file data30.txt (compact mmCIF, C-alpha atoms and all ligand atoms)
# COMPACT_ATOMS: atom_id res chain seq x y z
CA MET A 1 93.01 77.85 91.04
CA MET A 2 92.16 80.58 88.54
CA THR A 3 94.69 82.59 86.61
CA PRO A 4 93.96 85.88 84.84
CA SER A 5 94.80 84.43 81.46
CA ALA A 6 92.47 81.44 81.84
CA TYR A 7 89.31 83.47 81.15
CA ALA A 8 90.55 86.71 79.65
CA TRP A 9 88.05 89.48 78.92
CA THR A 10 87.60 90.57 75.32
CA GLU A 11 87.49 94.22 74.29
CA GLY A 12 84.13 95.89 74.99
CA GLU A 13 82.69 92.78 76.66
CA THR A 14 80.05 93.31 79.34
CA LEU A 15 79.94 91.28 82.51
CA ALA A 16 76.78 89.51 81.28
CA GLN A 17 78.54 88.50 78.06
CA HIS A 18 81.60 87.43 80.01
CA PHE A 19 79.59 85.17 82.27
CA GLU A 20 77.73 83.74 79.27
CA SER A 21 81.03 82.86 77.62
CA ARG A 22 82.04 81.13 80.87
CA GLY A 23 78.86 79.04 80.82
CA VAL A 24 77.40 80.70 83.93
CA SER A 25 73.60 80.57 83.79
CA ARG A 26 71.50 83.65 84.52
CA ARG A 27 69.88 81.77 87.39
CA ASP A 28 73.29 81.13 89.01
CA PHE A 29 74.31 84.74 88.41
CA VAL A 30 71.18 86.14 90.11
CA LYS A 31 71.65 83.67 92.96
CA PHE A 32 75.21 84.90 93.40
CA CYS A 33 74.03 88.53 93.35
CA SER A 34 71.40 87.74 95.97
CA GLU A 35 74.06 86.19 98.22
CA ILE A 36 76.23 89.27 97.80
CA ALA A 37 73.22 91.50 98.55
CA VAL A 38 72.76 89.68 101.83
CA ALA A 39 76.48 90.00 102.60
CA LEU A 40 76.24 93.74 101.94
CA GLY A 41 73.32 94.00 104.34
CA LEU A 42 70.92 95.05 101.57
CA GLY A 43 68.60 92.07 101.86
CA ILE A 44 67.98 89.27 99.39
CA ALA A 45 65.45 91.36 97.43
CA ALA A 46 68.29 93.61 96.23
CA GLY A 47 69.83 90.68 94.32
CA PRO A 48 68.06 91.27 90.96
CA ARG A 49 68.89 94.99 91.16
CA ILE A 50 72.56 94.21 91.66
CA ALA A 51 72.39 91.69 88.81
CA ARG A 52 70.94 94.32 86.45
CA ALA A 53 73.59 96.87 87.42
CA LEU A 54 76.46 94.40 87.07
CA GLU A 55 75.35 92.91 83.75
CA SER A 56 76.04 96.09 81.85
CA VAL A 57 79.43 96.77 83.46
CA LYS A 58 82.21 96.65 80.88
CA ARG A 59 85.56 95.12 81.63
CA PRO A 60 86.20 96.53 85.10
CA SER A 61 89.97 96.87 85.22
CA VAL A 62 91.87 96.02 88.38
CA ILE A 63 95.57 96.60 88.98
CA TRP A 64 96.80 94.53 91.94
CA LEU A 65 100.12 95.47 93.53
CA GLN A 66 101.80 93.01 95.88
CA LEU A 67 104.36 94.81 97.99
CA GLN A 68 106.09 93.79 101.24
CA GLU A 69 103.94 90.77 102.11
CA CYS A 70 103.62 87.00 102.38
CA THR A 71 101.09 86.30 99.54
CA GLY A 72 98.62 85.04 102.15
CA CYS A 73 96.04 87.60 101.07
CA VAL A 74 96.19 86.46 97.44
CA GLU A 75 95.82 82.87 98.60
CA SER A 76 92.84 83.78 100.73
CA VAL A 77 91.06 85.41 97.81
CA LEU A 78 91.81 82.94 95.09
CA ARG A 79 92.23 79.48 96.55
CA THR A 80 89.01 77.64 97.20
CA ALA A 81 88.36 73.97 97.74
CA ASP A 82 85.19 74.08 95.65
CA PRO A 83 85.19 77.16 93.44
CA THR A 84 81.91 78.83 92.66
CA ILE A 85 81.37 82.15 90.96
CA GLY A 86 80.84 83.68 94.37
CA ASP A 87 84.32 82.59 95.44
CA LEU A 88 86.18 83.86 92.44
CA LEU A 89 87.06 87.50 92.31
CA LEU A 90 88.41 87.00 88.82
CA ASP A 91 84.94 86.31 87.44
CA LEU A 92 83.92 89.87 88.22
CA ILE A 93 86.90 91.83 87.05
CA SER A 94 89.57 92.05 84.43
CA LEU A 95 92.70 91.55 86.47
CA ASP A 96 95.16 93.42 84.29
CA TYR A 97 98.15 93.11 86.59
CA ASN A 98 99.15 90.85 89.46
CA HIS A 99 102.73 89.64 89.37
CA THR A 100 102.02 86.37 91.18
CA LEU A 101 99.12 85.25 89.01
CA MET A 102 100.14 86.46 85.57
CA ALA A 103 101.58 83.83 83.28
CA GLY A 104 104.29 86.19 82.06
CA ALA A 105 107.08 87.87 83.99
CA GLY A 106 109.69 90.56 83.73
CA ALA A 107 109.75 93.67 81.57
CA ALA A 108 106.87 92.54 79.33
CA VAL A 109 104.52 92.29 82.30
CA GLU A 110 105.59 95.68 83.64
CA ARG A 111 104.91 97.16 80.19
CA ALA A 112 101.47 95.50 80.19
CA LYS A 113 100.74 97.18 83.51
CA GLN A 114 101.70 100.57 82.11
CA SER A 115 99.41 100.00 79.09
CA ALA A 116 96.48 98.92 81.29
CA MET A 117 96.88 101.92 83.59
CA ALA A 118 97.07 104.32 80.65
CA ALA A 119 94.04 102.76 78.89
CA ASN A 120 91.91 102.86 82.04
CA LYS A 121 93.27 106.03 83.64
CA GLY A 122 90.90 107.39 86.26
CA LYS A 123 88.70 104.28 86.08
CA TYR A 124 90.59 101.26 87.37
CA VAL A 125 90.42 99.87 90.89
CA LEU A 126 93.78 99.54 92.61
CA VAL A 127 94.14 96.59 94.98
CA VAL A 128 97.18 96.68 97.26
CA THR A 129 98.42 93.86 99.45
CA GLY A 130 101.52 94.28 101.56
CA SER A 131 103.11 97.15 103.39
CA ILE A 132 105.38 99.89 102.06
CA PRO A 133 108.90 99.99 103.51
CA THR A 134 110.20 103.52 103.87
CA LYS A 135 113.61 103.10 105.57
CA GLU A 136 116.88 103.13 103.61
CA GLY A 137 115.18 104.73 100.63
CA GLY A 138 112.61 101.92 100.41
CA ILE A 139 115.12 99.27 99.29
CA TYR A 140 113.39 96.45 101.18
CA THR A 141 110.80 96.01 98.42
CA VAL A 142 111.82 96.70 94.85
CA VAL A 143 109.93 95.43 91.78
CA GLY A 144 111.36 96.02 88.33
CA GLY A 145 113.98 98.32 89.84
CA ARG A 146 111.40 100.59 91.50
CA THR A 147 110.52 100.89 95.17
CA ALA A 148 107.14 99.95 96.59
CA GLU A 149 106.49 103.61 97.49
CA ASP A 150 107.20 104.70 93.93
CA LEU A 151 104.96 101.96 92.51
CA VAL A 152 102.01 102.65 94.76
CA LYS A 153 102.19 106.42 94.16
CA GLU A 154 102.21 105.87 90.41
CA ALA A 155 99.34 103.37 90.44
CA ALA A 156 97.25 105.48 92.84
CA GLU A 157 97.50 108.47 90.53
CA GLY A 158 95.18 106.92 87.93
CA ALA A 159 93.01 104.87 90.28
CA ALA A 160 89.32 105.58 90.86
CA ALA A 161 89.45 103.84 94.22
CA ILE A 162 91.90 101.82 96.30
CA LEU A 163 91.32 98.60 98.20
CA ALA A 164 93.98 98.12 100.88
CA VAL A 165 93.61 94.38 101.35
CA GLY A 166 94.99 92.86 104.53
CA ALA A 167 96.59 94.19 107.69
CA CYS A 168 99.88 94.84 105.86
CA ALA A 169 98.37 97.21 103.33
CA HIS A 170 96.57 99.31 105.92
CA TRP A 171 98.66 99.22 109.07
CA GLY A 172 101.92 97.53 108.07
CA SER A 173 101.07 94.34 110.02
CA VAL A 174 103.89 92.05 111.18
CA GLN A 175 106.52 94.01 109.25
CA ALA A 176 105.58 97.12 111.22
CA ALA A 177 105.71 95.34 114.59
CA ARG A 178 108.13 96.99 117.03
CA PRO A 179 110.88 97.89 116.22
CA ASN A 180 109.64 98.05 112.60
CA PRO A 181 113.07 97.52 111.01
CA THR A 182 111.99 98.41 107.46
CA GLY A 183 109.88 101.43 108.39
CA ALA A 184 106.79 99.65 107.05
CA VAL A 185 103.63 101.74 106.66
CA GLY A 186 100.22 101.27 105.04
CA VAL A 187 98.82 102.77 101.85
CA ARG A 188 96.89 105.46 103.74
CA ASP A 189 100.20 106.77 105.12
CA ILE A 190 101.44 107.40 101.58
CA ILE A 191 98.31 108.18 99.55
CA LYS A 192 96.11 110.99 100.85
CA ASN A 193 94.04 112.02 97.84
CA ARG A 194 92.16 108.86 96.86
CA PRO A 195 89.29 106.97 98.52
CA ILE A 196 90.77 103.96 100.33
CA VAL A 197 88.85 101.11 101.89
CA ASN A 198 90.52 98.82 104.39
CA ILE A 199 89.63 95.14 103.94
CA ALA A 200 91.03 94.22 107.33
CA GLY A 201 92.44 90.86 108.40
CA CYS A 202 95.57 88.77 108.15
CA PRO A 203 94.45 87.58 105.74
CA PRO A 204 90.95 88.97 105.18
CA ILE A 205 88.03 86.84 104.09
CA GLY A 206 87.86 86.60 100.30
CA ASP A 207 84.07 87.06 100.23
CA VAL A 208 84.43 90.50 101.87
CA ILE A 209 86.74 91.60 99.06
CA THR A 210 84.33 90.27 96.43
CA ALA A 211 81.36 92.01 98.09
CA THR A 212 83.29 95.31 98.29
CA ILE A 213 84.09 95.15 94.57
CA VAL A 214 80.47 94.30 93.75
CA HIS A 215 79.37 97.31 95.78
CA TYR A 216 81.75 99.53 93.86
CA LEU A 217 80.66 98.19 90.47
CA THR A 218 76.97 98.43 91.39
CA PHE A 219 76.84 101.85 93.03
CA GLY A 220 79.95 103.50 91.58
CA ARG A 221 81.48 104.18 94.99
CA LEU A 222 83.04 102.35 97.89
CA PRO A 223 80.84 101.14 100.76
CA ALA A 224 80.36 103.11 103.99
CA VAL A 225 83.27 102.62 106.38
CA ASP A 226 84.10 102.95 110.07
CA ARG A 227 86.83 105.21 111.44
CA GLU A 228 89.47 102.59 110.59
CA GLY A 229 88.33 102.56 106.97
CA ARG A 230 86.71 99.11 107.24
CA PRO A 231 83.42 98.49 105.36
CA LEU A 232 80.60 98.65 107.86
CA PHE A 233 78.64 95.90 106.13
CA ALA A 234 81.33 93.47 107.26
CA TYR A 235 83.08 95.00 110.29
CA ARG A 236 80.21 96.60 112.21
CA GLU A 237 79.92 93.83 114.80
CA ARG A 238 82.33 92.60 117.43
CA ILE A 239 83.36 88.91 117.25
CA HIS A 240 82.37 88.47 120.88
CA ASP A 241 78.79 89.54 120.11
CA GLN A 242 78.34 86.93 117.36
CA CYS A 243 80.41 84.11 118.83
CA SER A 244 79.06 80.58 119.03
CA ARG A 245 80.85 80.19 122.42
CA ARG A 246 79.29 83.31 123.91
CA ALA A 247 76.87 81.40 126.13
CA HIS A 248 79.88 79.84 127.88
CA PHE A 249 81.42 83.28 128.46
CA ASP A 250 78.17 84.44 130.02
CA ALA A 251 78.03 81.30 132.15
CA GLY A 252 81.63 81.72 133.33
CA GLN A 253 82.78 78.54 131.57
CA PHE A 254 86.34 79.04 130.31
CA VAL A 255 88.96 76.83 128.63
CA GLU A 256 92.09 76.95 130.80
CA SER A 257 94.25 74.66 128.65
CA PHE A 258 93.93 73.53 125.01
CA ASP A 259 93.93 69.86 126.06
CA ASP A 260 91.52 70.02 128.97
CA ASP A 261 87.97 68.77 129.19
CA SER A 262 86.54 72.29 128.86
CA ALA A 263 88.30 72.62 125.49
CA ARG A 264 86.66 69.41 124.33
CA LYS A 265 83.31 70.76 125.48
CA GLY A 266 83.77 73.91 123.37
CA TRP A 267 83.82 76.44 126.22
CA CYS A 268 84.90 80.08 125.91
CA LEU A 269 88.52 80.72 124.87
CA TYR A 270 89.02 84.03 126.68
CA SER A 271 91.38 82.57 129.31
CA VAL A 272 93.69 81.16 126.63
CA GLY A 273 94.02 84.51 124.92
CA CYS A 274 90.90 85.17 122.83
CA LYS A 275 90.76 88.80 121.65
CA GLY A 276 87.20 88.47 120.34
CA PRO A 277 85.85 90.99 122.88
CA ALA A 278 88.01 93.73 121.33
CA THR A 279 87.83 92.71 117.66
CA PHE A 280 85.42 93.84 114.97
CA SER A 281 85.25 91.22 112.22
CA PRO A 282 82.73 89.18 110.20
CA CYS A 283 84.57 85.87 110.81
CA PRO A 284 81.65 84.19 112.68
CA ILE A 285 79.25 85.05 109.83
CA PHE A 286 81.30 84.72 106.63
CA GLN A 287 83.63 82.01 107.97
CA TRP A 288 86.40 80.41 105.91
CA ASN A 289 87.01 77.69 103.32
CA THR A 290 83.60 77.82 101.66
CA ARG A 291 82.05 78.60 105.05
CA THR A 292 83.36 75.41 106.59
CA ASN A 293 84.56 76.88 109.87
CA TRP A 294 86.43 79.75 111.52
CA PRO A 295 89.28 79.96 114.07
CA ILE A 296 87.18 80.08 117.24
CA GLY A 297 84.88 77.40 115.85
CA ALA A 298 87.95 75.20 115.38
CA GLY A 299 89.13 75.81 118.95
CA HIS A 300 91.67 78.60 118.44
CA PRO A 301 91.35 81.98 120.14
CA CYS A 302 90.86 85.07 118.00
CA ILE A 303 94.17 86.98 117.64
CA GLY A 304 92.50 90.29 116.74
CA CYS A 305 93.98 90.47 113.23
CA THR A 306 91.39 92.98 111.96
CA GLU A 307 92.41 95.57 114.55
CA PRO A 308 95.12 98.26 114.17
CA ASN A 309 98.70 97.14 114.81
CA PHE A 310 97.55 93.82 116.24
CA TRP A 311 101.10 92.44 116.35
CA ASP A 312 101.83 94.98 119.07
CA THR A 313 98.43 95.56 120.61
CA MET A 314 97.09 91.98 120.73
CA THR A 315 100.20 90.06 121.78
CA PRO A 316 100.94 87.72 123.48
CA PHE A 317 98.35 85.89 121.42
CA TYR A 318 97.86 83.18 124.05
CA GLY A 319 97.88 85.45 127.07
CA ARG A 320 94.94 87.01 128.87
CA LEU A 321 95.45 90.70 128.49
CA PRO A 322 93.85 93.08 130.97
CA ASN A 323 91.73 95.73 129.33
CA VAL A 324 92.34 94.44 125.81
CA GLY A 325 91.67 97.26 123.40
CA GLY A 326 90.01 99.24 126.18
CA PHE A 327 87.48 96.48 126.85
CA PRO A 328 87.87 95.50 130.53
CA VAL A 329 86.62 91.91 130.44
CA GLU A 330 89.45 90.53 132.61
CA GLN A 331 87.98 91.81 135.82
CA ARG A 332 84.58 90.48 134.83
CA VAL A 333 85.88 86.98 134.08
CA ASP A 334 87.54 86.78 137.50
CA THR A 335 84.46 88.13 139.23
CA ILE A 336 82.14 85.69 137.50
CA GLY A 337 84.52 82.84 138.38
CA ALA A 338 84.55 83.89 142.01
CA ALA A 339 80.78 84.20 142.07
CA LEU A 340 80.37 80.68 140.68
CA ALA A 341 82.75 79.31 143.32
CA ILE A 342 80.49 80.51 146.11
CA GLY A 343 78.31 77.51 145.44
CA ALA A 344 74.65 76.72 145.26
CA ALA A 345 73.73 78.82 148.30
CA ALA A 346 74.87 81.92 146.46
CA GLY A 347 73.30 80.91 143.18
CA VAL A 348 70.68 83.66 143.17
CA ALA A 349 73.28 86.33 143.95
CA ALA A 350 75.62 85.01 141.24
CA HIS A 351 72.79 85.07 138.73
CA ALA A 352 72.01 88.66 139.67
CA ALA A 353 75.69 89.59 139.35
CA ALA A 354 75.90 87.95 135.94
CA THR A 355 72.84 89.89 134.84
CA VAL A 356 74.44 93.14 135.93
CA PHE A 357 77.66 92.20 134.11
CA THR A 358 75.67 91.47 130.99
CA GLN A 359 73.95 94.84 131.20
CA ILE A 360 77.29 96.59 131.68
CA ARG A 361 78.72 94.70 128.72
CA ARG A 362 75.79 95.68 126.51
CA ARG A 363 76.13 99.31 127.49
CA LYS A 364 79.86 99.23 126.74
CA ALA A 365 79.26 97.42 123.46
CA THR A 366 76.83 100.16 122.48
CA HIS A 367 79.45 102.78 123.16
CA GLN A 368 82.19 100.87 121.32
CA VAL A 369 80.52 100.30 117.97
CA PRO A 370 82.89 102.02 115.53
CA GLU A 371 82.03 105.51 114.53
CA THR A 372 81.76 106.30 110.86
CA GLY A 373 84.67 108.07 109.22
CA PRO A 374 84.49 111.37 107.36
CA GLU A 375 84.19 109.68 103.98
CA THR A 376 81.27 107.53 105.11
CA GLU A 377 78.11 107.47 103.02
CA ASN A 378 74.91 105.61 103.57
CA ASP A 379 74.37 102.67 101.31
CA ASP A 380 71.44 103.30 99.10
CA GLY A 381 70.44 99.65 98.94
S1 LIG B 401 97.92 90.79 105.79
FE1 LIG B 401 98.72 88.86 106.66
S2 LIG B 401 98.14 87.28 105.12
FE2 LIG B 401 97.99 89.30 104.08
S3 LIG B 401 100.00 89.59 103.09
FE3 LIG B 401 100.10 90.59 105.13
S4 LIG B 401 101.01 89.01 106.50
FE4 LIG B 401 100.27 87.95 104.63
S1 LIG B 402 85.98 85.56 124.55
FE1 LIG B 402 86.31 84.71 122.47
S2 LIG B 402 85.62 82.56 122.55
FE2 LIG B 402 84.79 83.64 124.34
S3 LIG B 402 82.75 84.28 123.70
FE3 LIG B 402 84.14 86.00 123.36
S4 LIG B 402 84.79 85.78 121.22
FE4 LIG B 402 83.91 83.81 121.83
call {"tool": "encode", "arguments": {"input": "data30.txt", "output": "structure tokens"}}
result
Amino acid sequence: MMTPSAYAWTEGETLAQHFESRGVSRRDFVKFCSEIAVALGLGIAAGPRIARALESVKRPSVIWLQLQECTGCVESVLRTADPTIGDLLLDLISLDYNHTLMAGAGAAVERAKQSAMAANKGKYVLVVTGSIPTKEGGIYTVVGGRTAEDLVKEAAEGAAAILAVGACAHWGSVQAARPNPTGAVGVRDIIKNRPIVNIAGCPPIGDVITATIVHYLTFGRLPAVDREGRPLFAYRERIHDQCSRRAHFDAGQFVESFDDDSARKGWCLYSVGCKGPATFSPCPIFQWNTRTNWPIGAGHPCIGCTEPNFWDTMTPFYGRLPNVGGFPVEQRVDTIGAALAIGAAAGVAAHAAATVFTQIRRRKATHQVPETGPETENDDG
């Protein structure tokens, strides 16, 4: 695992010089940039352009506040089984403050944060993980004697852009689940005058965070977002539309129990609670743990953690919910099941019905692609 102090940036150092001092070859750097270009939807040919833009970037300062949270988002970003430069956010930035990762602690670290914010005022990127408790004067999260709300307001004041990383930072997540005892809210509920991008998930995929930062460093602005503030390059598609089990959904083949034969055959997980039809996320493409696998690939239904207030809207996690997120698949699953039960004599009719269902689904999918928010810009690739 990396720590900020392990490869500290020197004053005035460019990213190219920083990588050179780390022993990263130009070939590996361009390869990394090409992979990021693909992740950003710009195509592999944009890799050298991104490399040229990044090389001259000087010491991009990042202040990372961890508020009311579980540290899962930090783990997701920084822990990798086989670290490469593409996995390590810390290779791209100068992480000037993160109270979990810094070697120091206490008043000295808080002073270092103040110095970094003053030195980079108006230029640093603020990363926030965790929600902001607002009840009882905000006493549920206090760092260095100051409430989370106070800290985030102060840090946002000098930030060029804000990355709300994880469901906590944008919607409050589990802490905000009914009855929300701490009055947890997201950054966007407190900060109204800064661009905020929502790297959704609980936790989000580390590569999406890295790609978002690369976009910011390359183009000088945050990527285009949907109406929930999520970067379109990553959250444009619904899980259900990219799922490796989709053929089984279309064929009416559903897992009914985690230990049954259909589970061993890798059939669709909708009947055991999968929220993939109502969830926009890049999980099937980016995957996890150096692209080893992802929840549905490993046999677990999607819990919809990239969607607003999923602890309230997507629970029970293992229950089939009718009309999940406004996507009425329940009726379709039952209808397909009934059609299949008719038997071989009705095979032609069932096939026709399935075709109609597919057409309806495609039409609905077209209508449910997220709309772009007011701050959306087109990527200039
Ligand atoms: S979004 Fe999820 S993983 Fe991240 S800090 Fe909150 S609870 Fe933990
Ligand atoms: S319901 Fe879930 S498991 Fe089934 S195809 Fe859709 S996303 Fe995949």
call {"tool": "residues_near_ligand", "arguments": {"input": "data30.txt", "ligand": "ligand LIG 401 (chain B)", "cutoff": "6 Å", "atoms": "all atoms listed in the file", "output": "ChimeraX atom specification"}}
result
/A:69-73,129-130,166-168,202-203
call {"tool": "residues_near_ligand", "arguments": {"input": "data30.txt", "ligand": "ligand LIG 402 (chain B)", "cutoff": "6 Å", "atoms": "only C-alpha atoms and all ligand atoms", "output": "NGL selection string"}}
result
:A and (239-240 or 243 or 245-246 or 249 or 268-270 or 274 or 276-277)
call {"tool": "closest_residue", "arguments": {"input": "data30.txt", "among": "A:Ser56, A:Asn198, A:Gln66, A:Ser94", "to": "Asn120 of chain A", "atoms": "all atoms listed in the file"}}
result
A:Ser94
call {"tool": "closest_residue", "arguments": {"input": "data30.txt", "among": "A:Trp288, A:Tyr216, A:Phe280, A:Phe258", "to": "Arg236 of chain A", "atoms": "all atoms listed in the file"}}
result
A:Phe280
call {"tool": "axis_aligned_box", "arguments": {"input": "data30.txt", "around": "segment 311-319 of chain A", "padding_each_side": "6 Å", "output": "AutoDock Vina command-line options"}}
result
--center_x 99.5 --center_y 89.4 --center_z 121.7 --size_x 16.7 --size_y 24.4 --size_z 22.7
call {"tool": "closest_atom_pairs", "arguments": {"input": "data30.txt", "of": "segment 190-240 of chain A", "to": "segment 30-52 of chain A", "cutoff": "7 Å", "atoms": "all atoms listed in the file", "output": "Markdown table"}}
result
| residue | atom | partner | partner_atom | distance |
| --- | --- | --- | --- | --- |
| A:Ala211 | CA | A:Ile36 | CA | 5.8 |
| A:Thr218 | CA | A:Ile50 | CA | 6.1 |
| A:Phe233 | CA | A:Leu40 | CA | 5.3 |
call {"tool": "residues_around", "arguments": {"input": "data30.txt", "residues": "Thr212 of chain A", "least_positions_apart": "6", "cutoff": "9 Å", "atoms": "all atoms listed in the file", "output": "number ranges by chain"}}
result
A: 40, 163, 197, 199, 222-223, 231
call {"tool": "closest_residue", "arguments": {"input": "data30.txt", "among": "A:Val174, A:Ala107, A:Ile93, A:Val143", "to": "Pro308 of chain A", "atoms": "all atoms listed in the file"}}
result
A:Val174
call {"tool": "closest_residue", "arguments": {"input": "data30.txt", "among": "A:Asp261, A:Gly172, A:Glu157, A:Pro181", "to": "Phe310 of chain A", "atoms": "all atoms listed in the file"}}
result
A:Gly172
call {"tool": "closest_residue", "arguments": {"input": "data30.txt", "among": "A:His18, A:Ala169, A:Val185, A:Leu95", "to": "Lys135 of chain A", "atoms": "only C-alpha atoms"}}
result
A:Val185
call {"tool": "atom_distance", "arguments": {"input": "data30.txt", "atom1": "atom CA of Glu307 of chain A", "atom2": "atom CA of Pro195 of chain A"}}
result
19.9 Å
call {"tool": "closest_residue", "arguments": {"input": "data30.txt", "among": "A:Tyr318, A:Phe219, A:Tyr235, A:Tyr97", "to": "Ser257 of chain A", "atoms": "only C-alpha atoms"}}
result
A:Tyr318
call {"tool": "residues_around", "arguments": {"input": "data30.txt", "residues": "Gln17 of chain A", "least_positions_apart": "3", "cutoff": "12 Å", "atoms": "only C-alpha atoms", "output": "number ranges by chain"}}
result
A: 9-14, 20-26, 29, 54-59, 91-92
call {"tool": "atom_distance", "arguments": {"input": "data30.txt", "atom1": "atom CA of Ile213 of chain A", "atom2": "atom CA of Ala103 of chain A"}}
result
23.7 Å
call {"tool": "atom_distance", "arguments": {"input": "data30.txt", "atom1": "atom CA of Ser281 of chain A", "atom2": "atom CA of Tyr124 of chain A"}}
result
27.3 Å
call {"tool": "residues_around", "arguments": {"input": "data30.txt", "residues": "Ser262 of chain A", "least_positions_apart": "3", "cutoff": "12 Å", "atoms": "only C-alpha atoms", "output": "list in words"}}
result
Arg245, His248, Gly252, Gln253, Phe254, Val255, Glu256, Ser257, Phe258, Asp259, Lys265, Gly266, Trp267, Cys268, Leu269, Ser271, Val272 and Gly299 of chain A
call {"tool": "residues_around", "arguments": {"input": "data30.txt", "residues": "Val142 of chain A", "least_positions_apart": "5", "cutoff": "9 Å", "atoms": "all atoms listed in the file", "output": "PyMOL selection string"}}
result
chain A and resi 67+147-148+151
